[in-house]
Amino acid sequence: MPVAGKIREAMERSSWIRKMFEEGARLKAQFGNDAVYDFSLGNPNLDPPEAYREVIRRLAANDAPGSHGYMPNAGYPETREAVARRLSREQEASVEGRHVVMTVGAGGALNVVFRAILEPGDEVVVPRPYFVEYDFYLDNHQGVLRSVPTTAEFDLDLAALADAITPRTRAVLVNSPNNPTGKVYSRRDLKGLADLLERKSREHGRILYLISDEPYRRIVYDGIEVPAIFPLFPHAFVCASHSKDLSLPGERIGYVAVNPVATQADTVVGALTLTNRILGFVNAPALMQRAVADLQEVTVDMSLYASNRDRLYDALTDAGYACHKPEGAFYLFPRSPIPDDVAFVRELQKERILAVPGTGFGGPGHFRLAYCCSAETVERSLPGFRRTLERITHQ
C-alpha cells in the first residue's frame, strides 16, 4: 500500500469538502462559473483592504539587509507587541508581547498548543458540530477528540460537557463564532464552562485548559460581541488568524496567546515557541508578520457578509427550511429536510448548488452553506433551493 493506513482512512473521512470542490469543478466546466452556486468552501471572496496593499508595497520596497532572514521563533517582537495591544482590549487583560507566539495560521496555532500540552492518550473535549480538521490535528499529537452535543440552538450543553470530562481530559476546545453553525457562545455559558473546568481541575488534580479558536472573532452581526475568555478562566489559550478579518487565508498568518495569569505562563510560552519550531512551522512568514503588525485595527468590509446572511436566511426560512440565524462567521447550517443530509446535498447539486453535508462536521441532519460569496451567487441560487425543497416534499 503506497500510503499509511491511518492516512488513507483520514483521506476518506475528510473528503466531503474535497468532493464538493471536485463536483463544483465538473459542473463549472459543463455549465460555466456563473451557472454554479458554490457554497462549499469558507474561502473569503472579499479582497484584502487597501491598507494591506499599501503596507505590502512599502515592505516590498524595503531593501534593508537581513529583511528575509530568520527571526526569533516566537515571532518579531514588534509584531507580538502589536497583537498583544489589541488582545489586551479584546480579552480585557494585560497581554504583553511575551505572551504571544506568531504561527502559521490558526491551524498552526492549534497544532502548536496540542503538541505543547498533550501526553499520548490525553483527551480534548469539543462541542459538536465542529471543524473537521480538529480530529486530525489531535491525532497528529496522539490526542483523542471527545465530542459532545450542543443544544438545539447550538448553545453549549454544560451537563454534557461535565459528563465528558474524565481523568484523561486535558482541555476543552471551543470555536466561537462557530464553523459550521455561526453560533456565538454567550458569556453566561462560557462562565459556566470556566467554573466547570475549575471544579474538574480540582477533582482530577491536574490543570485543565480552555482553548478558544477565534479566526472569526471580528465577523459578527447585530451588535453581538464575542465574550473575552481570559477574564473567565486563567488557564486559557486564544488561537486566531487573519485569514478572515483581512481576507488573507493563503498567507497563513496567525498567533496563539497565553492568558498572562496562567500558572507558569512563561514556561507555557516557551513550550509553544519550541513546538512552533520542531513541528516544522519554524516561524510565521516574515513578510506577513511585518504586514499585520501595522494592520491590527483594520478589517475587510463585513457588510457583504451581513447582507448575504440576511438574504439567504430570510429566503430559506420563507421557503420552509429550518435554520438558526447565525450571530457570526459566514456560515448557515440549516436542517436537512430529509434525515439523510448527504442525499439532500446531492439533490441540491441537481440545481447546481454546492453545499457540504453536516455529517462532515459531526452534525448529521444538517448542511453547511458558506455565504462568503458574491451577492449574485446568493440571489441566483434561491429558486433552486425552493425547487429542491418542493421536489423533496412531494416525493
# chains A, B, ... in the order shown; residues from 1 in each chain; ligands from 1

$ residues_around --residues "A:Leu369" --least-positions-apart "2" --cutoff "7 Å" --atoms "only C-alpha atoms" --output "list in words"
Phe39, Ser40, Tyr331, Leu332, Phe333, Ala355, Val356, Phe367 and Tyr371 of chain A

$ write_last_selection --atoms "N, CA and C atoms" --output "PDB file, in the first residue's frame"
ATOM      1  N   PHE A  39     -21.393  27.150  -2.460  1.00  0.00           N
ATOM      2  CA  PHE A  39     -21.382  27.497  -1.038  1.00  0.00           C
ATOM      3  C   PHE A  39     -20.531  26.502  -0.245  1.00  0.00           C
ATOM      4  N   SER A  40     -19.584  25.852  -0.907  1.00  0.00           N
ATOM      5  CA  SER A  40     -18.892  24.731  -0.272  1.00  0.00           C
ATOM      6  C   SER A  40     -17.687  25.157   0.553  1.00  0.00           C
ATOM      7  N   TYR A 331     -21.303  31.313   7.816  1.00  0.00           N
ATOM      8  CA  TYR A 331     -21.895  30.016   7.515  1.00  0.00           C
ATOM      9  C   TYR A 331     -23.344  29.962   7.995  1.00  0.00           C
ATOM     10  N   LEU A 332     -24.163  29.302   7.203  1.00  0.00           N
ATOM     11  CA  LEU A 332     -25.525  28.937   7.580  1.00  0.00           C
ATOM     12  C   LEU A 332     -25.544  27.423   7.701  1.00  0.00           C
ATOM     13  N   PHE A 333     -26.275  26.912   8.705  1.00  0.00           N
ATOM     14  CA  PHE A 333     -26.287  25.465   8.958  1.00  0.00           C
ATOM     15  C   PHE A 333     -27.734  24.990   9.073  1.00  0.00           C
ATOM     16  N   ALA A 355     -23.253  22.466  -1.571  1.00  0.00           N
ATOM     17  CA  ALA A 355     -23.255  22.586  -0.116  1.00  0.00           C
ATOM     18  C   ALA A 355     -22.454  21.420   0.454  1.00  0.00           C
ATOM     19  N   VAL A 356     -22.242  21.430   1.759  1.00  0.00           N
ATOM     20  CA  VAL A 356     -21.480  20.361   2.415  1.00  0.00           C
ATOM     21  C   VAL A 356     -22.378  19.684   3.444  1.00  0.00           C
ATOM     22  N   PHE A 367     -26.921  20.773   6.755  1.00  0.00           N
ATOM     23  CA  PHE A 367     -25.960  21.014   5.687  1.00  0.00           C
ATOM     24  C   PHE A 367     -25.402  22.419   5.858  1.00  0.00           C
ATOM     25  N   TYR A 371     -21.510  31.471   2.930  1.00  0.00           N
ATOM     26  CA  TYR A 371     -22.020  32.597   2.147  1.00  0.00           C
ATOM     27  C   TYR A 371     -20.982  33.718   1.994  1.00  0.00           C
TER      28      TYR A 371
END

$ select_by_dssp --residues "stretch 144-349 of chain A" --states "strand (DSSP E)" --output "number ranges by chain"
A: 144-149, 169-175, 209-213, 236-241, 254-258, 331-332

$ atom_distance --atom1 "atom CA of A:Met288" --atom2 "atom CA of A:Ala60"
11.2 Å

$ atom_distance --atom1 "atom CA of A:Ile207" --atom2 "atom CA of A:Glu225"
28.3 Å

$ residues_around --residues "A:Tyr76" --least-positions-apart "3" --cutoff "12 Å" --atoms "only C-alpha atoms" --output "PyMOL selection string"
chain A and resi 67+69-73+79-83+97-98+100-103+255+283-293

$ write_last_selection --atoms "C-alpha atoms" --output "mmCIF file, in the first residue's frame"
data_model
loop_
_atom_site.group_PDB
_atom_site.id
_atom_site.type_symbol
_atom_site.label_atom_id
_atom_site.label_comp_id
_atom_site.auth_asym_id
_atom_site.auth_seq_id
_atom_site.Cartn_x
_atom_site.Cartn_y
_atom_site.Cartn_z
ATOM 1 C CA SER A 67 14.903 41.524 5.899
ATOM 2 C CA GLY A 69 16.437 36.142 7.450
ATOM 3 C CA TYR A 70 15.404 34.070 10.430
ATOM 4 C CA MET A 71 13.706 35.825 13.327
ATOM 5 C CA PRO A 72 13.030 34.721 16.933
ATOM 6 C CA ASN A 73 10.948 31.537 16.832
ATOM 7 C CA THR A 79 4.537 42.119 15.809
ATOM 8 C CA ARG A 80 3.907 40.293 19.058
ATOM 9 C CA GLU A 81 3.554 43.627 20.837
ATOM 10 C CA ALA A 82 1.075 44.903 18.228
ATOM 11 C CA VAL A 83 -1.061 41.774 18.565
ATOM 12 C CA GLY A 97 4.140 40.644 23.582
ATOM 13 C CA ARG A 98 5.853 37.893 25.556
ATOM 14 C CA VAL A 100 2.033 35.866 22.110
ATOM 15 C CA VAL A 101 3.572 33.415 19.636
ATOM 16 C CA MET A 102 3.135 34.102 15.909
ATOM 17 C CA THR A 103 2.099 30.983 13.984
ATOM 18 C CA TYR A 255 -0.992 33.560 16.504
ATOM 19 C CA ASN A 283 8.284 30.782 12.016
ATOM 20 C CA ALA A 284 5.206 32.512 10.745
ATOM 21 C CA PRO A 285 6.071 34.112 7.360
ATOM 22 C CA ALA A 286 8.308 37.144 7.830
ATOM 23 C CA LEU A 287 6.604 39.451 5.327
ATOM 24 C CA MET A 288 3.159 38.742 6.767
ATOM 25 C CA GLN A 289 4.366 39.270 10.332
ATOM 26 C CA ARG A 290 5.602 42.726 9.375
ATOM 27 C CA ALA A 291 2.407 43.485 7.473
ATOM 28 C CA VAL A 292 -0.101 42.540 10.159
ATOM 29 C CA ALA A 293 1.854 44.460 12.789
#

$ select_by_dssp --residues "stretch 1-225 of chain A" --states "alpha helix (DSSP H)" --output "MDAnalysis selection string"
chainID A and resid 5:13 15:31 50:60 77:90 105:117 133:140 158:164 187:204

$ closest_atom_pairs --of "stretch 236-324 of chain A" --to "stretch 107-122 of chain A" --cutoff "6 Å" --atoms "only C-alpha atoms" --output "tab-separated table"
residue	atom	partner	partner_atom	distance
A:Cys239	CA	A:Ala109	CA	5.8
A:Tyr255	CA	A:Ala109	CA	5.9
A:Val256	CA	A:Ala109	CA	5.5
A:Ala271	CA	A:Ala116	CA	5.6
A:Leu272	CA	A:Val112	CA	5.9
A:Thr275	CA	A:Val112	CA	5.5
A:Asn276	CA	A:Val112	CA	5.6

$ write_last_selection --atoms "C-alpha atoms" --output "mmCIF file, in the first residue's frame"
data_model
loop_
_atom_site.group_PDB
_atom_site.id
_atom_site.type_symbol
_atom_site.label_atom_id
_atom_site.label_comp_id
_atom_site.auth_asym_id
_atom_site.auth_seq_id
_atom_site.Cartn_x
_atom_site.Cartn_y
_atom_site.Cartn_z
ATOM 1 C CA CYS A 239 -5.767 30.826 18.780
ATOM 2 C CA TYR A 255 -0.992 33.560 16.504
ATOM 3 C CA VAL A 256 -1.580 31.901 19.858
ATOM 4 C CA ALA A 271 6.848 25.288 25.187
ATOM 5 C CA LEU A 272 4.776 26.886 22.416
ATOM 6 C CA THR A 275 6.783 23.274 19.365
ATOM 7 C CA ASN A 276 6.408 26.020 16.762
#

$ closest_residue --among "A:Asp301, A:Glu214, A:Glu376, A:Asp135" --to "A:Glu50" --atoms "only C-alpha atoms"
A:Asp301

$ atom_distance --atom1 "atom CA of A:Leu210" --atom2 "atom CA of A:Phe233"
7.5 Å

$ closest_residue --among "A:Glu390, A:Asp189, A:Glu198, A:Glu90" --to "A:Tyr321" --atoms "only C-alpha atoms"
A:Glu390

$ closest_residue --among "A:Glu379, A:Glu123, A:Glu9, A:Glu327" --to "A:Val220" --atoms "only C-alpha atoms"
A:Glu327

$ closest_atom_pairs --of "stretch 175-203 of chain A" --to "stretch 139-160 of chain A" --cutoff "7 Å" --atoms "only C-alpha atoms" --output "Markdown table"
| residue | atom | partner | partner_atom | distance |
| --- | --- | --- | --- | --- |
| A:Lys183 | CA | A:Phe154 | CA | 6.6 |
| A:Tyr185 | CA | A:Asp155 | CA | 6.3 |
| A:Asp189 | CA | A:Leu156 | CA | 6.4 |
| A:Leu193 | CA | A:Leu158 | CA | 6.6 |

$ write_last_selection --atoms "C-alpha atoms" --output "short mmCIF file (atom, residue, chain, number, x, y, z; two decimals), in the first residue's frame"
data_model
loop_
_atom_site.label_atom_id
_atom_site.label_comp_id
_atom_site.auth_asym_id
_atom_site.auth_seq_id
_atom_site.Cartn_x
_atom_site.Cartn_y
_atom_site.Cartn_z
CA LYS A 183 -23.08 30.45 16.79
CA TYR A 185 -21.37 31.31 22.73
CA ASP A 189 -22.35 29.70 29.07
CA LEU A 193 -17.77 26.22 31.34
#

$ closest_residue --among "A:Val226, A:Val184, A:Arg346, A:Asp266" --to "A:Gly24" --atoms "only C-alpha atoms"
A:Arg346

$ residues_around --residues "stretch 302-311 of chain A" --least-positions-apart "5" --cutoff "7 Å" --atoms "only C-alpha atoms" --output "PyMOL selection string"
chain A and resi 219+221+330+371-372+375+378

$ closest_residue --among "A:Ala265, A:Leu190, A:Leu161, A:Leu197" --to "A:Val125" --atoms "only C-alpha atoms"
A:Leu161

$ decode --residues "stretch 210-359 of chain A" --atoms "C-alpha atoms" --output "CSV table (one decimal), in the first residue's frame"
chain,number,residue,atom,x,y,z
A,210,LEU,CA,-9.6,26.1,27.8
A,211,ILE,CA,-8.6,26.6,24.1
A,212,SER,CA,-10.6,29.3,22.2
A,213,ASP,CA,-10.3,29.0,18.4
A,214,GLU,CA,-11.2,32.5,17.2
A,215,PRO,CA,-10.5,33.1,13.5
A,216,TYR,CA,-14.0,34.6,13.1
A,217,ARG,CA,-14.0,36.8,16.2
A,218,ARG,CA,-14.3,40.0,14.2
A,219,ILE,CA,-17.1,38.7,11.9
A,220,VAL,CA,-20.2,39.3,14.0
A,221,TYR,CA,-23.6,40.8,13.3
A,222,ASP,CA,-26.4,42.8,15.0
A,223,GLY,CA,-24.2,44.3,17.6
A,224,ILE,CA,-23.2,40.9,19.0
A,225,GLU,CA,-19.9,40.8,21.0
A,226,VAL,CA,-17.7,37.8,21.4
A,227,PRO,CA,-17.1,37.3,25.1
A,228,ALA,CA,-13.5,37.6,26.4
A,229,ILE,CA,-12.1,34.2,27.5
A,230,PHE,CA,-9.1,35.4,29.7
A,231,PRO,CA,-11.2,37.1,32.5
A,232,LEU,CA,-13.2,33.9,32.9
A,233,PHE,CA,-10.5,31.2,33.2
A,234,PRO,CA,-6.8,31.5,34.0
A,235,HIS,CA,-5.5,28.5,32.0
A,236,ALA,CA,-6.7,29.7,28.6
A,237,PHE,CA,-5.3,30.0,25.1
A,238,VAL,CA,-6.6,32.1,22.3
A,239,CYS,CA,-5.8,30.8,18.8
A,240,ALA,CA,-6.6,33.0,15.8
A,241,SER,CA,-5.5,34.2,12.3
A,242,HIS,CA,-6.0,37.0,9.9
A,243,SER,CA,-7.4,34.7,7.2
A,244,LYS,CA,-11.0,36.0,7.6
A,245,ASP,CA,-10.8,39.5,9.1
A,246,LEU,CA,-8.2,40.6,6.5
A,247,SER,CA,-9.1,38.1,3.8
A,248,LEU,CA,-5.6,36.5,3.8
A,249,PRO,CA,-6.2,32.8,4.1
A,250,GLY,CA,-3.5,31.9,1.6
A,251,GLU,CA,-0.9,33.9,3.5
A,252,ARG,CA,-1.1,31.6,6.6
A,253,ILE,CA,-0.5,34.2,9.4
A,254,GLY,CA,-1.9,33.7,12.8
A,255,TYR,CA,-1.0,33.6,16.5
A,256,VAL,CA,-1.6,31.9,19.9
A,257,ALA,CA,-1.8,33.9,23.1
A,258,VAL,CA,-1.5,32.6,26.6
A,259,ASN,CA,-3.5,34.1,29.5
A,260,PRO,CA,-1.0,36.2,31.4
A,261,VAL,CA,-2.3,34.9,34.7
A,262,ALA,CA,-1.9,31.2,33.8
A,263,THR,CA,0.2,29.1,36.1
A,264,GLN,CA,3.9,29.3,34.8
A,265,ALA,CA,2.7,31.3,31.8
A,266,ASP,CA,6.3,32.0,30.7
A,267,THR,CA,7.1,28.2,30.7
A,268,VAL,CA,4.0,27.6,28.6
A,269,VAL,CA,5.0,30.2,26.1
A,270,GLY,CA,8.5,28.6,26.0
A,271,ALA,CA,6.8,25.3,25.2
A,272,LEU,CA,4.8,26.9,22.4
A,273,THR,CA,7.9,28.5,21.0
A,274,LEU,CA,9.7,25.2,20.9
A,275,THR,CA,6.8,23.3,19.4
A,276,ASN,CA,6.4,26.0,16.8
A,277,ARG,CA,9.9,25.1,15.6
A,278,ILE,CA,10.0,21.4,16.0
A,279,LEU,CA,6.7,20.8,14.1
A,280,GLY,CA,8.3,22.3,11.1
A,281,PHE,CA,6.4,25.6,11.0
A,282,VAL,CA,9.7,27.2,12.3
A,283,ASN,CA,8.3,30.8,12.0
A,284,ALA,CA,5.2,32.5,10.7
A,285,PRO,CA,6.1,34.1,7.4
A,286,ALA,CA,8.3,37.1,7.8
A,287,LEU,CA,6.6,39.5,5.3
A,288,MET,CA,3.2,38.7,6.8
A,289,GLN,CA,4.4,39.3,10.3
A,290,ARG,CA,5.6,42.7,9.4
A,291,ALA,CA,2.4,43.5,7.5
A,292,VAL,CA,-0.1,42.5,10.2
A,293,ALA,CA,1.9,44.5,12.8
A,294,ASP,CA,0.5,47.6,11.1
A,295,LEU,CA,-3.0,46.2,10.4
A,296,GLN,CA,-4.3,45.2,13.8
A,297,GLU,CA,-7.0,47.9,13.7
A,298,VAL,CA,-8.0,47.1,10.1
A,299,THR,CA,-10.6,44.6,8.8
A,300,VAL,CA,-12.4,44.0,5.5
A,301,ASP,CA,-15.8,45.5,5.0
A,302,MET,CA,-18.1,43.0,6.6
A,303,SER,CA,-21.3,44.5,5.2
A,304,LEU,CA,-21.4,42.0,2.2
A,305,TYR,CA,-21.3,39.0,4.7
A,306,ALA,CA,-24.1,40.6,6.7
A,307,SER,CA,-26.3,41.2,3.6
A,308,ASN,CA,-25.6,37.7,2.3
A,309,ARG,CA,-26.6,36.2,5.7
A,310,ASP,CA,-29.8,38.2,5.8
A,311,ARG,CA,-30.9,37.4,2.3
A,312,LEU,CA,-30.0,33.8,2.4
A,313,TYR,CA,-31.6,33.2,5.9
A,314,ASP,CA,-34.8,35.1,5.1
A,315,ALA,CA,-35.3,33.4,1.7
A,316,LEU,CA,-34.6,29.8,3.0
A,317,THR,CA,-36.8,30.2,6.1
A,318,ASP,CA,-39.5,31.7,3.9
A,319,ALA,CA,-39.2,28.7,1.6
A,320,GLY,CA,-39.7,26.3,4.5
A,321,TYR,CA,-36.2,25.4,5.7
A,322,ALA,CA,-35.5,25.3,9.4
A,323,CYS,CA,-32.4,27.3,10.3
A,324,HIS,CA,-30.7,29.0,13.3
A,325,LYS,CA,-29.8,32.6,12.3
A,326,PRO,CA,-26.0,32.9,12.8
A,327,GLU,CA,-24.6,35.6,15.0
A,328,GLY,CA,-21.2,35.5,13.4
A,329,ALA,CA,-18.8,33.9,10.9
A,330,PHE,CA,-20.1,33.4,7.4
A,331,TYR,CA,-21.9,30.0,7.5
A,332,LEU,CA,-25.5,28.9,7.6
A,333,PHE,CA,-26.3,25.5,9.0
A,334,PRO,CA,-29.9,24.6,8.0
A,335,ARG,CA,-31.6,21.4,9.0
A,336,SER,CA,-31.9,19.0,6.1
A,337,PRO,CA,-35.5,18.4,5.0
A,338,ILE,CA,-34.8,14.7,4.9
A,339,PRO,CA,-32.8,12.7,7.5
A,340,ASP,CA,-30.0,11.8,5.0
A,341,ASP,CA,-28.1,15.1,4.7
A,342,VAL,CA,-25.8,13.5,2.1
A,343,ALA,CA,-28.7,12.6,-0.1
A,344,PHE,CA,-30.1,16.0,0.3
A,345,VAL,CA,-26.9,17.7,-0.8
A,346,ARG,CA,-27.0,15.5,-3.9
A,347,GLU,CA,-30.5,16.8,-4.6
A,348,LEU,CA,-29.1,20.4,-4.3
A,349,GLN,CA,-26.5,19.5,-6.9
A,350,LYS,CA,-29.3,18.9,-9.4
A,351,GLU,CA,-29.9,22.7,-9.1
A,352,ARG,CA,-26.1,23.3,-9.4
A,353,ILE,CA,-26.0,24.3,-5.8
A,354,LEU,CA,-22.9,23.1,-3.9
A,355,ALA,CA,-23.3,22.6,-0.1
A,356,VAL,CA,-21.5,20.4,2.4
A,357,PRO,CA,-23.3,17.7,4.4
A,358,GLY,CA,-23.5,18.3,8.1
A,359,THR,CA,-22.2,14.8,8.7
